[in-house]
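Down below is the structure, laid out as structure tokens.
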Amino acid sequence: MDNQNVIYGINGSVVTVKESRSFSMMEMVYVGNERLVGEVIGITNKFITIQVYEETTGLTPGEPVFGTGSPMNVTLGPGIIDNIFDGIERPLKSIAEQSGSFISRGSNVTPLDEDKLWDVSITVKTGDVLKGGDVYAECPETTIIKHRCMVPPLLSGVVTKVSENGQYKVNDTIIELKDEQEEIHKLTLCQRWPIRTPRPVAERLQTKVPLITGQRVIDTLFPIAKGGTAAIPGGFGTGKTMTQHQLAKWCDADIIIYVGCGERGNEMSQVLEEFSELIDPKSGRPMTDRTVLIANTSNMPVAAREASIYTGVTLGEYYRDMGYHVAIMADSTSRWAEALREISGRLEEMPAEEGFPAYLPSRLAEFYERAGMVENLNSSNGSITIIGAVSPAGSDFSEPVTQNTKRFTRCFWALDKSLAYARHYPAINWTESYSEYFGDLDPWFTEHVGEDFVKYRKKINQILQEENKLMEIVKLIGSDVLPDDQKLVIEIARVIRVGFLQQNAFHADDTFVPLEKQKLMMKVILHLYHKAKQLVSASVPISGISQSGLFDKLVKMKYDIPNNKLEMFDDYMKEIDDTLSGIIAS
């Protein structure tokens, strides 16, 4: 080691080394006698600036700094799923066994279990020509996820040696590959990849398939595509984490990566407990069999919070390359932005709006742009959908993180404090939210659910917008002065809000609603609207229609009609016709 490679100054998580030529930009280093993990983030003639991902308390000037010669990276291989990592891919279960409930500094724990044996099936033979991304071995990682070992993206060559099928550890050599320079590469079950570099793909594809969530307000009014991006902004207590839990449990992604970035420790422990107890509705197996958790709570080192987002998306890209559809829940990007702001302050950079660094928009863009539906190097198709929660202070959506996130996401599910306090969940405000995926997804909805689905959605949206305008008048002069046709709009809008948009996560039939049932619910509500409108046009008072009890009956149909008995909707249509015909006759 160069004698000059010693700590010169310490400022929180930022450490400087004076007059060294030993390190390169973004290189991963070990700092101090305890070998704390760090990353080079600045180089000048005089100083090397290092961001340390662990607690720096007790570090002193003069302690050594060791280079690794490679950028900050993660280990990718079997054993990632059903695991809980911190922000720099250290397994928290293994750390707990080694040092108890509190993470000791410099914990030298390998990301993957190096002693576990995996049942490996080799899929290539000697003489095969392989390129980056090609699968050479498979093993069951969990009961529902098959792990595919792939040639690293930048490597290609001829297979010169192949092991037998059998049980292997992650670092055992599976095949040997000779490249064009006649160099032999030993490929194991795992590989490493730098977290800030997107993994290469063959082609980015258009997002044409929706991510089905079973949540009516999302699937119907504000859908998101597989490979899309969405922001869930909301103040404290509006249900960001709860909404992400519902999406994680019910969306039709193959793999869920949940990044708890700077969230409260008790909230994160609740997530861990809930995920371990949840049964995956699709497979009947524990939810953890297709979930990766990255826990970086608010009391953990702030710099690791900044890395956790990149760690999560790199793990997601690895499984995308295998041909899986991955959904990443980032909770919350505001805490990540706060980490950027704190580190930027320690580096004495010029602050921009509200003290955030000037490069906040480009960092957010780097993160969200790693989403997408792609054709992989091995010709399979996979996707990464990124759903990021934003926590604006005081529910102020004009603050920089929310505004810049809006620029780079195509779905905006704005959570409303008044809806949350009224126990209307998901508390997504239908007037402030939007989705830009309609043009991409409507052909899919038309083909798979029927062209009526798109037609009904437009009409439902129109009624909600109309109600919003009418409520401005009602606030000023009351509802009594409104004509009956406008009173009908307000009454039907209540049925839509309470009976359709509000959803009960604890009700067996209402927690997840298939698209066909969503369409039929809209059909029945609009059928009542059109029939009632005809009566109102014929001078039948709205009060007489309200007394029939039809509006209240439709509010409850989400509970009364099971998901497997959709023929009951025909009975509802008949009852509406018969009841309203009776009103005319009387």
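Residue numbering restarts at 1 in every chain; chains get A, B, ... in the order shown in the structure tokens, and ligands count up from 1 in that same order.
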
Report task. Check the DSSP output for the backbone and give back, as JSON, numbers by chain, the residues of segment 263-337 of chain A in helix (DSSP H, G or I). Result -> {"A": [265, 266, 267, 268, 269, 270, 271, 272, 273, 274, 275, 276, 277, 287, 288, 289, 290, 302, 303, 304, 305, 306, 307, 308, 309, 310, 311, 312, 313, 314, 315, 316, 317, 318, 319, 320, 321, 333, 334, 335, 336, 337]}

Query - Spatial neighbours of Glu399 of chain A, max dist 12 Å, only C-alpha atoms, sep filter under 2 positions, as a ChimeraX atom specification - result: /A:233-235,334,337,353-356,390-397,401-406

With the cut-off set at 9 Å and counting only C-alpha atoms, tabulate each residue of segment 231-277 of chain A with an atom at most that distance from an atom of segment 326-333 of chain A, showing the nearest atom pair and its distance in Å to one decimal, ordered by chain and increasing number, as a tab-separated table.
residue	atom	partner	partner_atom	distance
A:Lys240	CA	A:Asp331	CA	8.1
A:Thr241	CA	A:Asp331	CA	7.0
A:Gln244	CA	A:Met329	CA	6.6
A:His245	CA	A:Met329	CA	8.7
A:Leu247	CA	A:Met329	CA	8.7
A:Ala248	CA	A:Met329	CA	7.6
A:Cys251	CA	A:Ala327	CA	8.4
A:Asp252	CA	A:Ala327	CA	9.0
A:Ala253	CA	A:Val326	CA	5.5
A:Asp254	CA	A:Val326	CA	5.9
A:Ile255	CA	A:Val326	CA	4.8
A:Ile256	CA	A:Ala327	CA	5.0
A:Ile257	CA	A:Ile328	CA	4.7
A:Tyr258	CA	A:Met329	CA	4.8
A:Val259	CA	A:Ala330	CA	4.9
A:Gly260	CA	A:Asp331	CA	5.1
A:Cys261	CA	A:Asp331	CA	5.6
A:Gly262	CA	A:Ser332	CA	7.1
A:Glu263	CA	A:Ser332	CA	7.1

Would you mind exporting the chosen residues as a PDB file, in the first residue's frame, restricted to C-alpha atoms?
ATOM      1  CA  LYS A 240     -48.015   5.472   0.407  1.00  0.00           C
ATOM      2  CA  THR A 241     -46.506   2.377   2.020  1.00  0.00           C
ATOM      3  CA  GLN A 244     -47.189  -0.130  -2.357  1.00  0.00           C
ATOM      4  CA  HIS A 245     -47.877  -3.204  -0.178  1.00  0.00           C
ATOM      5  CA  LEU A 247     -49.340  -3.468  -5.397  1.00  0.00           C
ATOM      6  CA  ALA A 248     -46.484  -5.724  -4.277  1.00  0.00           C
ATOM      7  CA  CYS A 251     -49.637  -6.976  -9.236  1.00  0.00           C
ATOM      8  CA  ASP A 252     -48.858  -9.546 -11.916  1.00  0.00           C
ATOM      9  CA  ALA A 253     -45.075  -9.069 -11.839  1.00  0.00           C
ATOM     10  CA  ASP A 254     -42.969 -12.232 -11.405  1.00  0.00           C
ATOM     11  CA  ILE A 255     -40.570 -10.693  -8.866  1.00  0.00           C
ATOM     12  CA  ILE A 256     -40.988  -7.851  -6.370  1.00  0.00           C
ATOM     13  CA  ILE A 257     -38.047  -5.777  -5.112  1.00  0.00           C
ATOM     14  CA  TYR A 258     -39.015  -3.585  -2.168  1.00  0.00           C
ATOM     15  CA  VAL A 259     -36.491  -0.853  -1.319  1.00  0.00           C
ATOM     16  CA  GLY A 260     -37.179   0.702   2.092  1.00  0.00           C
ATOM     17  CA  CYS A 261     -35.076   3.809   1.636  1.00  0.00           C
ATOM     18  CA  GLY A 262     -34.765   5.912   4.791  1.00  0.00           C
ATOM     19  CA  GLU A 263     -38.141   4.819   6.177  1.00  0.00           C
TER      20      GLU A 263
END

Query - Nearest residue to Ser121 of chain A from the set A:Asn564, A:Ile145, A:Val162, A:Val109 (distances using only C-alpha atoms) - result: A:Val162

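Residues lying within 7 Å of Ala493 of chain A, counting only C-alpha atoms and ignoring same-chain neighbours fewer than 2 positions away, are A:Ile463, A:Leu464, A:Glu467, A:Val489, A:Ile490, A:Glu491, A:Val495, A:Ile496, A:Arg497.
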
Query raised in the report: What lies within 12 Å of Leu554 of chain A using only C-alpha atoms, ignoring chain neighbours under 2 positions off, as a VMD selection string?
Result: chain A and resid 491 to 500 520 to 529 546 548 to 552 556 to 561 569 572 to 573 575 to 576

Report task. Run DSSP on the backbone of this structure and report the residues of segment 227-370 of chain A it assigns to strand (DSSP E or B), as a ChimeraX atom specification. Result -> /A:229-233,255-261,279,286,291-296,325-331,351,357
